[in-house]
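As provided, query31.json (JSON, C-alpha atoms (C1' of nucleotides)) reads as follows.
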```
[["chain", "number", "residue", "atom", "x", "y", "z"],
["A", 1, "ARG", "CA", 0.00, 0.00, 0.00],
["A", 2, "LEU", "CA", 2.92, 2.23, 0.76],
["A", 3, "LEU", "CA", 4.10, 1.87, -2.82],
["A", 4, "LEU", "CA", 0.64, 2.34, -4.25],
["A", 5, "ASN", "CA", 0.24, 5.53, -2.27],
["A", 6, "LYS", "CA", 3.52, 6.73, -3.65],
["A", 7, "LEU", "CA", 2.22, 5.96, -7.13],
["A", 8, "ILE", "CA", -0.85, 8.14, -6.57],
["A", 9, "HIS", "CA", 1.48, 10.92, -5.55],
["A", 10, "LEU", "CA", 3.68, 10.45, -8.60],
["A", 11, "TYR", "CA", 0.80, 10.33, -11.05],
["A", 12, "GLY", "CA", -0.73, 13.36, -9.41],
["A", 13, "LYS", "CA", 2.47, 15.33, -9.78],
["A", 14, "CYS", "CA", 2.74, 14.68, -13.48],
["A", 15, "GLY", "CA", -0.88, 15.40, -14.23],
["A", 16, "ALA", "CA", -1.97, 11.82, -14.81],
["A", 17, "VAL", "CA", -5.13, 12.02, -12.75],
["A", 18, "ASP", "CA", -6.83, 9.06, -14.36],
["A", 19, "GLU", "CA", -3.88, 6.82, -13.65],
["A", 20, "ALA", "CA", -3.79, 8.07, -10.08],
["A", 21, "TRP", "CA", -7.46, 7.35, -9.73],
["A", 22, "ARG", "CA", -7.05, 3.84, -11.12],
["A", 23, "VAL", "CA", -4.41, 3.10, -8.51],
["A", 24, "PHE", "CA", -6.53, 4.65, -5.80],
["A", 25, "ALA", "CA", -9.55, 2.59, -6.83],
["A", 26, "ASP", "CA", -7.53, -0.61, -6.81],
["A", 27, "ILE", "CA", -6.23, -0.24, -3.30],
["A", 28, "GLN", "CA", -8.02, -2.71, -1.08],
["A", 29, "GLN", "CA", -7.56, -1.02, 2.24],
["A", 30, "ARG", "CA", -7.16, 2.67, 1.72],
["A", 31, "ASP", "CA", -5.66, 4.58, 4.56],
["A", 32, "SER", "CA", -5.90, 8.31, 5.14],
["A", 33, "PHE", "CA", -2.73, 8.76, 3.12],
["A", 34, "SER", "CA", -4.34, 7.22, 0.05],
["A", 35, "TRP", "CA", -7.34, 9.51, 0.38],
["A", 36, "ASN", "CA", -5.34, 12.62, 1.05],
["A", 37, "LEU", "CA", -2.99, 11.98, -1.82],
["A", 38, "MET", "CA", -5.90, 11.41, -4.16],
["A", 39, "ILE", "CA", -7.62, 14.60, -3.04],
["A", 40, "ALA", "CA", -4.39, 16.53, -3.56],
["A", 41, "ALA", "CA", -3.89, 14.96, -7.00],
["A", 42, "LEU", "CA", -7.37, 15.98, -8.09],
["A", 43, "ALA", "CA", -7.11, 19.48, -6.68],
["A", 44, "GLU", "CA", -3.69, 20.18, -8.13],
["A", 45, "ASN", "CA", -4.89, 19.27, -11.58],
["A", 46, "GLY", "CA", -7.89, 21.52, -11.47],
["A", 47, "TYR", "CA", -10.56, 19.02, -10.50],
["A", 48, "LEU", "CA", -11.78, 20.95, -7.52],
["A", 49, "GLU", "CA", -15.26, 19.44, -7.58],
["A", 50, "ARG", "CA", -13.99, 15.89, -7.75],
["A", 51, "ALA", "CA", -11.57, 16.68, -4.96],
["A", 52, "ARG", "CA", -14.40, 17.99, -2.85],
["A", 53, "ASP", "CA", -16.46, 14.96, -3.73],
["A", 54, "THR", "CA", -13.73, 12.57, -2.70],
["A", 55, "PHE", "CA", -13.20, 14.57, 0.44],
["A", 56, "SER", "CA", -16.83, 14.21, 1.45],
["A", 57, "LYS", "CA", -16.82, 10.50, 0.70],
["A", 58, "MET", "CA", -13.98, 10.05, 3.10],
["A", 59, "GLY", "CA", -15.15, 8.60, 6.36],
["A", 60, "ARG", "CA", -12.99, 10.47, 8.77],
["A", 61, "PRO", "CA", -11.11, 13.28, 7.12],
["A", 62, "ASP", "CA", -8.10, 14.21, 9.19],
["A", 63, "VAL", "CA", -6.35, 17.52, 9.62],
["A", 64, "VAL", "CA", -4.35, 16.91, 6.43],
["A", 65, "SER", "CA", -7.48, 16.22, 4.37],
["A", 66, "TYR", "CA", -9.01, 19.47, 5.55],
["A", 67, "THR", "CA", -5.85, 21.42, 4.92],
["A", 68, "THR", "CA", -5.51, 19.96, 1.44],
["A", 69, "MET", "CA", -9.03, 21.14, 0.58],
["A", 70, "LEU", "CA", -8.35, 24.48, 2.20],
["A", 71, "ARG", "CA", -5.32, 24.93, 0.01],
["A", 72, "ALA", "CA", -7.25, 23.77, -3.06],
["A", 73, "TYR", "CA", -9.79, 26.55, -2.57],
["A", 74, "ALA", "CA", -7.10, 29.05, -1.75],
["A", 75, "GLN", "CA", -5.28, 28.28, -4.99],
["A", 76, "LYS", "CA", -8.42, 28.97, -6.96],
["A", 77, "GLY", "CA", -8.78, 32.27, -5.13],
["A", 78, "GLN", "CA", -11.91, 31.05, -3.36],
["A", 79, "VAL", "CA", -11.09, 32.46, 0.03],
["A", 80, "PHE", "CA", -14.57, 32.26, 1.47],
["A", 81, "GLU", "CA", -14.84, 28.56, 0.70],
["A", 82, "ALA", "CA", -11.39, 28.15, 2.18],
["A", 83, "ARG", "CA", -12.48, 29.90, 5.33],
["A", 84, "ASP", "CA", -15.49, 27.67, 5.45],
["A", 85, "ILE", "CA", -13.31, 24.61, 5.52],
["A", 86, "PHE", "CA", -11.10, 26.21, 8.12],
["A", 87, "ASP", "CA", -14.05, 26.92, 10.39],
["A", 88, "GLN", "CA", -15.33, 23.38, 9.97],
["A", 89, "MET", "CA", -12.13, 21.81, 11.13],
["A", 90, "PRO", "CA", -12.56, 19.94, 14.40],
["A", 91, "TYR", "CA", -8.90, 20.33, 15.13],
["A", 92, "LYS", "CA", -6.53, 22.86, 13.62],
["A", 93, "ASP", "CA", -2.81, 22.47, 13.76],
["A", 94, "ARG", "CA", -0.25, 25.10, 12.88],
["A", 95, "VAL", "CA", -0.05, 24.07, 9.24],
["A", 96, "ALA", "CA", -3.80, 24.61, 8.93],
["A", 97, "TRP", "CA", -3.48, 28.08, 10.41],
["A", 98, "ASN", "CA", -0.57, 28.91, 8.15],
["A", 99, "THR", "CA", -2.45, 27.71, 5.09],
["A", 100, "MET", "CA", -5.42, 29.90, 5.96],
["A", 101, "ILE", "CA", -3.22, 32.91, 6.61],
["A", 102, "SER", "CA", -1.51, 32.24, 3.30],
["A", 103, "ALA", "CA", -4.89, 32.10, 1.56],
["A", 104, "TYR", "CA", -5.67, 35.60, 2.80],
["A", 105, "ALA", "CA", -2.19, 36.90, 2.16],
["A", 106, "ARG", "CA", -1.91, 35.81, -1.44],
["A", 107, "THR", "CA", -5.29, 37.31, -2.30],
["A", 108, "GLY", "CA", -4.23, 40.64, -0.87],
["A", 109, "LYS", "CA", -6.45, 40.40, 2.20],
["A", 110, "LEU", "CA", -3.63, 41.31, 4.49],
["A", 111, "GLN", "CA", -5.73, 42.74, 7.27],
["A", 112, "GLN", "CA", -7.50, 39.38, 7.55],
["A", 113, "ALA", "CA", -4.21, 37.56, 7.34],
["A", 114, "GLU", "CA", -2.75, 39.65, 10.09],
["A", 115, "LEU", "CA", -5.82, 39.23, 12.27],
["A", 116, "LEU", "CA", -5.54, 35.48, 12.04],
["A", 117, "PHE", "CA", -1.81, 35.70, 12.58],
["A", 118, "SER", "CA", -2.33, 37.65, 15.77],
["A", 119, "GLN", "CA", -4.82, 35.07, 16.99],
["A", 120, "MET", "CA", -2.38, 32.29, 16.45],
["A", 121, "GLU", "CA", -1.04, 30.83, 19.65],
["A", 122, "GLU", "CA", 2.22, 29.31, 18.55],
["A", 123, "LYS", "CA", 3.46, 30.91, 15.41],
["A", 124, "THR", "CA", 5.98, 29.10, 13.32],
["A", 125, "SER", "CA", 8.60, 30.62, 11.04],
["A", 126, "VAL", "CA", 6.24, 29.83, 8.17],
["A", 127, "SER", "CA", 3.52, 32.00, 9.75],
["A", 128, "TRP", "CA", 5.95, 34.89, 9.73],
["A", 129, "THR", "CA", 7.20, 34.37, 6.20],
["A", 130, "VAL", "CA", 3.68, 33.99, 4.86],
["A", 131, "LEU", "CA", 2.82, 37.41, 6.19],
["A", 132, "ILE", "CA", 6.11, 39.02, 5.25],
["A", 133, "SER", "CA", 5.92, 37.77, 1.69],
["A", 134, "GLY", "CA", 2.26, 38.78, 1.54],
["A", 135, "TYR", "CA", 3.11, 42.39, 2.32],
["A", 136, "ALA", "CA", 6.14, 42.23, 0.07],
["A", 137, "ARG", "CA", 3.99, 41.06, -2.82],
["A", 138, "GLU", "CA", 1.62, 43.95, -2.30],
["A", 139, "GLY", "CA", 4.50, 46.40, -2.40],
["A", 140, "GLU", "CA", 4.21, 47.21, 1.30],
["A", 141, "VAL", "CA", 7.87, 46.61, 1.92],
["A", 142, "GLN", "CA", 8.03, 48.81, 4.99],
["A", 143, "ARG", "CA", 5.39, 46.74, 6.76],
["A", 144, "ALA", "CA", 7.14, 43.60, 5.60],
["A", 145, "ARG", "CA", 10.38, 44.94, 6.98],
["A", 146, "LEU", "CA", 8.84, 45.73, 10.36],
["A", 147, "LEU", "CA", 7.56, 42.18, 10.65],
["A", 148, "PHE", "CA", 10.91, 40.89, 9.55],
["A", 149, "GLU", "CA", 12.64, 42.85, 12.30],
["A", 150, "GLU", "CA", 10.08, 41.58, 14.78],
["A", 151, "MET", "CA", 10.50, 37.97, 13.75],
["A", 152, "PRO", "CA", 12.21, 35.93, 16.47],
["A", 153, "ASP", "CA", 14.39, 33.54, 14.48],
["A", 154, "ARG", "CA", 14.83, 34.72, 10.97],
["A", 155, "THR", "CA", 15.15, 31.87, 8.58],
["A", 156, "ILE", "CA", 16.79, 32.07, 5.21],
["A", 157, "VAL", "CA", 13.32, 31.97, 3.68],
["A", 158, "ALA", "CA", 12.38, 35.14, 5.57],
["A", 159, "TRP", "CA", 15.49, 36.85, 4.27],
["A", 160, "ASN", "CA", 14.68, 35.69, 0.77],
["A", 161, "ALA", "CA", 11.12, 36.93, 1.09],
["A", 162, "MET", "CA", 12.40, 40.38, 2.03],
["A", 163, "ILE", "CA", 14.83, 40.41, -0.86],
["A", 164, "GLY", "CA", 12.04, 39.37, -3.18],
["A", 165, "GLY", "CA", 9.89, 42.19, -1.86],
["A", 166, "TYR", "CA", 12.57, 44.76, -2.56],
["A", 167, "VAL", "CA", 13.18, 43.31, -5.99],
["A", 168, "HIS", "CA", 9.51, 43.54, -6.90],
["A", 169, "SER", "CA", 9.40, 47.12, -5.73],
["A", 170, "LYS", "CA", 12.51, 47.76, -7.81],
["A", 171, "LEU", "CA", 14.51, 48.68, -4.71],
["A", 172, "VAL", "CA", 17.62, 46.93, -5.94],
["A", 173, "GLU", "CA", 19.95, 48.66, -3.49],
["A", 174, "ALA", "CA", 17.88, 47.57, -0.52],
["A", 175, "ALA", "CA", 17.76, 44.07, -1.93],
["A", 176, "SER", "CA", 21.48, 43.83, -2.38],
["A", 177, "GLY", "CA", 21.98, 45.28, 1.09],
["A", 178, "MET", "CA", 19.98, 42.44, 2.57],
["A", 179, "PHE", "CA", 21.71, 39.97, 0.32],
["A", 180, "ASP", "CA", 25.10, 41.05, 1.65],
["A", 181, "ARG", "CA", 23.94, 41.09, 5.24],
["A", 182, "MET", "CA", 22.25, 37.72, 5.37],
["A", 183, "PRO", "CA", 24.07, 34.94, 7.18],
["A", 184, "HIS", "CA", 23.79, 32.40, 4.35],
["A", 185, "ARG", "CA", 22.65, 32.58, 0.77],
["A", 186, "ASP", "CA", 21.01, 29.82, -1.16],
["A", 187, "VAL", "CA", 20.04, 29.39, -4.79],
["A", 188, "VAL", "CA", 16.84, 31.36, -4.19],
["A", 189, "SER", "CA", 18.72, 34.35, -2.79],
["A", 190, "TRP", "CA", 21.08, 34.34, -5.75],
["A", 191, "THR", "CA", 18.33, 33.95, -8.30],
["A", 192, "SER", "CA", 16.37, 36.82, -6.75],
["A", 193, "MET", "CA", 19.34, 39.10, -7.19],
["A", 194, "LEU", "CA", 19.91, 37.82, -10.69],
["A", 195, "THR", "CA", 16.31, 38.72, -11.48],
["A", 196, "ALA", "CA", 16.72, 42.16, -9.98],
["A", 197, "TYR", "CA", 19.68, 42.85, -12.25],
["A", 198, "ALA", "CA", 17.93, 41.31, -15.23],
["A", 199, "HIS", "CA", 15.02, 43.68, -14.85],
["A", 200, "SER", "CA", 17.22, 46.69, -14.31],
["A", 201, "LEU", "CA", 19.20, 45.66, -17.40],
["A", 202, "CYS", "CA", 22.48, 45.30, -15.52],
["A", 203, "LEU", "CA", 23.59, 42.35, -17.57],
["A", 204, "HIS", "CA", 27.11, 42.13, -16.19],
["A", 205, "LYS", "CA", 25.82, 41.96, -12.62],
["A", 206, "ALA", "CA", 23.21, 39.41, -13.61],
["A", 207, "LYS", "CA", 25.87, 37.30, -15.25],
["A", 208, "TRP", "CA", 28.10, 37.73, -12.23],
["A", 209, "CYS", "CA", 25.32, 36.34, -10.00],
["A", 210, "PHE", "CA", 24.81, 33.46, -12.35],
["A", 211, "ASP", "CA", 28.49, 32.60, -12.40],
["A", 212, "SER", "CA", 28.94, 33.08, -8.67],
["A", 213, "MET", "CA", 26.08, 31.03, -7.40],
["A", 214, "PRO", "CA", 27.25, 27.78, -5.86],
["A", 215, "GLU", "CA", 24.53, 25.78, -7.55],
["A", 216, "ARG", "CA", 22.06, 26.40, -10.32],
["A", 217, "ASN", "CA", 18.69, 24.94, -11.07],
["A", 218, "VAL", "CA", 16.15, 25.37, -13.87],
["A", 219, "VAL", "CA", 14.83, 28.57, -12.29],
["A", 220, "SER", "CA", 18.24, 30.24, -12.17],
["A", 221, "TRP", "CA", 18.93, 29.23, -15.76],
["A", 222, "ASN", "CA", 15.58, 30.65, -16.79],
["A", 223, "ALA", "CA", 16.40, 33.88, -15.01],
["A", 224, "MET", "CA", 19.65, 34.11, -16.94],
["A", 225, "VAL", "CA", 17.85, 33.58, -20.24],
["A", 226, "THR", "CA", 15.52, 36.40, -19.23],
["A", 227, "ALA", "CA", 18.47, 38.65, -18.49],
["A", 228, "TYR", "CA", 19.76, 38.22, -22.03],
["A", 229, "ALA", "CA", 16.29, 38.50, -23.50],
["A", 230, "HIS", "CA", 15.58, 41.82, -21.81],
["A", 231, "LYS", "CA", 18.78, 43.14, -23.29],
["A", 232, "GLY", "CA", 17.68, 41.98, -26.71],
["A", 233, "LEU", "CA", 20.59, 39.55, -26.91],
["A", 234, "ILE", "CA", 18.62, 36.81, -28.54],
["A", 235, "ASP", "CA", 21.59, 34.70, -29.55],
["A", 236, "GLN", "CA", 22.93, 34.59, -26.03],
["A", 237, "ALA", "CA", 19.46, 33.78, -24.78],
["A", 238, "GLN", "CA", 19.18, 30.92, -27.25],
["A", 239, "THR", "CA", 22.65, 29.63, -26.43],
["A", 240, "THR", "CA", 21.91, 29.67, -22.73],
["A", 241, "PHE", "CA", 18.64, 27.89, -23.37],
["A", 242, "ASP", "CA", 20.48, 25.25, -25.39],
["A", 243, "ARG", "CA", 22.95, 24.64, -22.59],
["A", 244, "MET", "CA", 20.22, 23.77, -20.14],
["A", 245, "PHE", "CA", 19.96, 20.12, -19.27],
["A", 246, "LYS", "CA", 16.30, 20.42, -18.55],
["A", 247, "HIS", "CA", 13.63, 22.83, -19.78],
["A", 248, "SER", "CA", 10.51, 23.76, -17.92],
["A", 249, "ILE", "CA", 7.47, 25.37, -19.47],
["A", 250, "VAL", "CA", 8.81, 28.66, -18.15],
["A", 251, "SER", "CA", 12.02, 28.14, -20.14],
["A", 252, "TRP", "CA", 10.00, 27.74, -23.31],
["A", 253, "ASN", "CA", 7.74, 30.69, -22.59],
["A", 254, "THR", "CA", 10.81, 32.80, -21.90],
["A", 255, "LEU", "CA", 12.35, 31.86, -25.22],
["A", 256, "VAL", "CA", 9.17, 32.61, -27.15],
["A", 257, "ALA", "CA", 8.93, 35.99, -25.44],
["A", 258, "ALA", "CA", 12.60, 36.61, -26.18],
["A", 259, "TYR", "CA", 12.09, 36.20, -29.92],
["A", 260, "ALA", "CA", 8.93, 38.25, -29.81],
["A", 261, "HIS", "CA", 10.75, 40.98, -27.95],
["A", 262, "VAL", "CA", 13.24, 41.47, -30.77],
["A", 263, "GLY", "CA", 10.55, 41.26, -33.42],
["A", 264, "LEU", "CA", 11.45, 37.83, -34.76],
["A", 265, "VAL", "CA", 7.88, 36.65, -35.11],
["A", 266, "GLU", "CA", 8.53, 33.64, -37.31],
["A", 267, "GLU", "CA", 11.17, 32.34, -34.91],
["A", 268, "ALA", "CA", 8.79, 32.82, -32.01],
["A", 269, "VAL", "CA", 6.23, 30.75, -33.87],
["A", 270, "GLN", "CA", 8.83, 28.05, -34.53],
["A", 271, "VAL", "CA", 9.74, 27.84, -30.86],
["A", 272, "PHE", "CA", 6.09, 27.76, -29.92],
["A", 273, "ARG", "CA", 5.56, 24.82, -32.27],
["A", 274, "GLN", "CA", 8.42, 22.93, -30.67],
["A", 275, "MET", "CA", 7.05, 23.31, -27.16],
["A", 276, "PRO", "CA", 6.35, 19.95, -25.52],
["A", 277, "GLU", "CA", 3.55, 21.51, -23.48],
["A", 278, "ARG", "CA", 1.83, 24.87, -23.33],
["A", 279, "ASP", "CA", -0.05, 26.88, -20.77],
["A", 280, "GLN", "CA", -2.27, 29.96, -20.85],
["A", 281, "LEU", "CA", 0.72, 32.23, -20.90],
["A", 282, "SER", "CA", 2.19, 30.51, -23.95],
["A", 283, "LEU", "CA", -1.02, 31.14, -25.83],
["A", 284, "THR", "CA", -1.52, 34.67, -24.53],
["A", 285, "THR", "CA", 1.99, 35.57, -25.61],
["A", 286, "MET", "CA", 1.38, 34.15, -29.08],
["A", 287, "VAL", "CA", -1.92, 36.00, -29.40],
["A", 288, "ASN", "CA", -0.08, 39.24, -28.72],
["A", 289, "VAL", "CA", 2.84, 38.40, -30.98],
["A", 290, "LEU", "CA", 0.67, 37.41, -33.91],
["A", 291, "ALA", "CA", -1.79, 40.25, -33.47],
["A", 292, "GLN", "CA", 0.99, 42.82, -33.40],
["A", 293, "ALA", "CA", 2.48, 41.29, -36.51],
["A", 294, "GLY", "CA", -0.86, 41.72, -38.23],
["A", 295, "ARG", "CA", -1.46, 37.98, -38.49],
["A", 296, "ILE", "CA", -4.94, 38.33, -37.17],
["A", 297, "ASP", "CA", -6.29, 34.98, -38.32],
["A", 298, "GLN", "CA", -3.55, 33.07, -36.56],
["A", 299, "ALA", "CA", -3.95, 35.23, -33.48],
["A", 300, "ARG", "CA", -7.61, 34.41, -33.43],
["A", 301, "GLU", "CA", -6.83, 30.72, -33.70],
["A", 302, "MET", "CA", -4.62, 31.01, -30.62],
["A", 303, "PHE", "CA", -7.26, 32.99, -28.84],
["A", 304, "GLU", "CA", -9.77, 30.25, -29.43],
["A", 305, "GLY", "CA", -7.33, 27.76, -27.99],
["A", 306, "LEU", "CA", -7.21, 29.91, -24.88],
["A", 307, "THR", "CA", -10.90, 29.59, -24.14],
["A", 308, "SER", "CA", -10.55, 25.83, -23.79],
["A", 309, "PHE", "CA", -8.20, 26.37, -20.86],
["A", 310, "ASP", "CA", -10.71, 27.60, -18.35],
["B", 1, "G", "C1'", 16.66, 12.96, 15.23],
["B", 2, "U", "C1'", 14.95, 13.90, 9.27],
["B", 3, "A", "C1'", 11.65, 10.59, 4.16],
["B", 4, "U", "C1'", 4.15, 7.65, 1.70],
["B", 5, "U", "C1'", 0.15, 13.00, 2.28],
["B", 6, "G", "C1'", -1.15, 19.32, 3.84],
["B", 7, "C", "C1'", 1.65, 25.57, 4.88],
["B", 8, "A", "C1'", 6.16, 30.07, 3.35],
["B", 9, "U", "C1'", 10.78, 32.63, -0.38],
["B", 10, "A", "C1'", 13.41, 32.90, -6.56],
["B", 11, "C", "C1'", 12.36, 32.30, -13.03],
["B", 12, "U", "C1'", 8.16, 33.55, -18.26],
["B", 13, "G", "C1'", 3.37, 38.12, -20.81],
["B", 14, "G", "C1'", 0.14, 41.70, -18.22]]
```

So, in terms of structure tokens, how does the structure I just supplied come out?
Amino acid sequence: RLLLNKLIHLYGKCGAVDEAWRVFADIQQRDSFSWNLMIAALAENGYLERARDTFSKMGRPDVVSYTTMLRAYAQKGQVFEARDIFDQMPYKDRVAWNTMISAYARTGKLQQAELLFSQMEEKTSVSWTVLISGYAREGEVQRARLLFEEMPDRTIVAWNAMIGGYVHSKLVEAASGMFDRMPHRDVVSWTSMLTAYAHSLCLHKAKWCFDSMPERNVVSWNAMVTAYAHKGLIDQAQTTFDRMFKHSIVSWNTLVAAYAHVGLVEEAVQVFRQMPERDQLSLTTMVNVLAQAGRIDQAREMFEGLTSFD
RNA sequence: GUAUUGCAUACUGG
């Protein structure tokens, strides 16, 4: 059963909901892990109703089942439904509280988030970073900073959240100040700074970050491609893309946007055609590219593809 | 004292 549960998880992660369901259905004695994994698999792949359905068919949902549903609603931006789940919970642990606070925070309801935060008995470092990053996202870096200063044991994630906040508010100096001051830097810290320099068109500094970081992952590579793209250096962007050992959908979207940015519409179309998978952003980008190039019929075709997404 | 499940930070258009 342990292995079957793991299979549900794996299938869920790669979007194979039907396969996950088949495994789930075949398990003789499902435990709460099987149920929770199945609910998560459904929710993560957009089947909110089926997730809810499975959730209600579960005999005794535990705190994880509730939290999984809570997060499912939160991800869809359905905060009221999320709150409903939260209020129904017979027992709430700290993860449940954090998830609810996060639901408020990432929909910009920071007053609600902070209210819940203040009502929380034993806050964890996640509670703090949820709130800090929430304010940072909204551009309220000063409030984020106050919380950061107030935070008892600042984790590297809290530091990174602050840096990210400064980067989004284009306060590159403040970001680099924090970056220098933090006790340790990880790949997220480095990539945040890389992004900051990419957006402010400081290519040499971006490249310096990329070369200096102790380890790189797909996200940092993508950020480097973006840095070249924003400078209009399409060949460098392409070369960097080619050197990557693994491409995510973001890598592909970045490359399409890079060609579009320098006006190479046909090349953008070629890249788009090569994409192993596409999301809404891929299509939206192509709609814009084609429309601006006057290829209205093709743009319309893309646009129609978009409506089948949601 | 960490590993079958739920929460936070970085990358792509707006």

Given all atoms listed in the file, how would the per-residue table for region 103-220 of chain A near chain B read, listing every residue at most 7 Å away with its closest atom pair and distance in Å to one decimal, sorted by chain and number, as a tab-separated table?
```
residue	atom	partner	partner_atom	distance
A:Val126	CA	B:A8	C1'	4.8
A:Thr129	CA	B:A8	C1'	5.3
A:Val130	CA	B:A8	C1'	4.9
A:Val157	CA	B:U9	C1'	4.8
A:Ala158	CA	B:U9	C1'	6.7
A:Asn160	CA	B:U9	C1'	5.1
A:Ala161	CA	B:U9	C1'	4.6
A:Val188	CA	B:A10	C1'	4.4
A:Ser189	CA	B:A10	C1'	6.7
A:Thr191	CA	B:A10	C1'	5.3
A:Ser192	CA	B:A10	C1'	4.9
A:Val219	CA	B:C11	C1'	4.5
A:Ser220	CA	B:C11	C1'	6.3
```

Shell of 12 Å around region 132-148 of chain A, only C-alpha atoms (C1' of nucleotides), local chain residues under 6 positions omitted, as a PyMOL selection string = (chain A and resi 101-114+117+125-126+154-171+174-175+178) or (chain B and resi 8-9)

inquiry  = Can you pull out the residues contacting region 251-263 of chain A? Cut-off 9 Å, using only C-alpha atoms (C1' of nucleotides), and skip same-chain residues under 3 positions away; I want them as a VMD selection string.
reply    = (chain A and resid 218 to 219 221 to 223 225 to 226 228 to 230 232 to 234 237 to 238 241 246 to 248 266 to 272 274 to 279 281 to 282 285 to 286 289 293) or (chain B and resid 11 to 13)

message = One number please: CA of Gly59 (chain A) to CA of Trp35 (chain A), in Å, one decimal.
response = 9.9 Å

ask   = Between CA of Gln75 (chain A) and CA of Thr195 (chain A), what is the spacing in Å?
value =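 Atom-to-atom, CA of Thr195 (chain A) and CA of Gln75 (chain A) are spaced 24.8 Å apart.
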
message = Rounded to one decimal, what separation in Å do you get between CA of Trp128 (chain A) and CA of Ala41 (chain A)?
response =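 These atoms are spaced 27.8 Å apart.
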
ask   = Using only C-alpha atoms (C1' of nucleotides), which of the listed residues (A:Glu81, A:Asp87, A:Glu19, A:Asp93) sits closest to chain B?
value =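 Comparing A:Glu81, A:Asp87, A:Glu19, A:Asp93 against chain B, the winner is A:Asp93.
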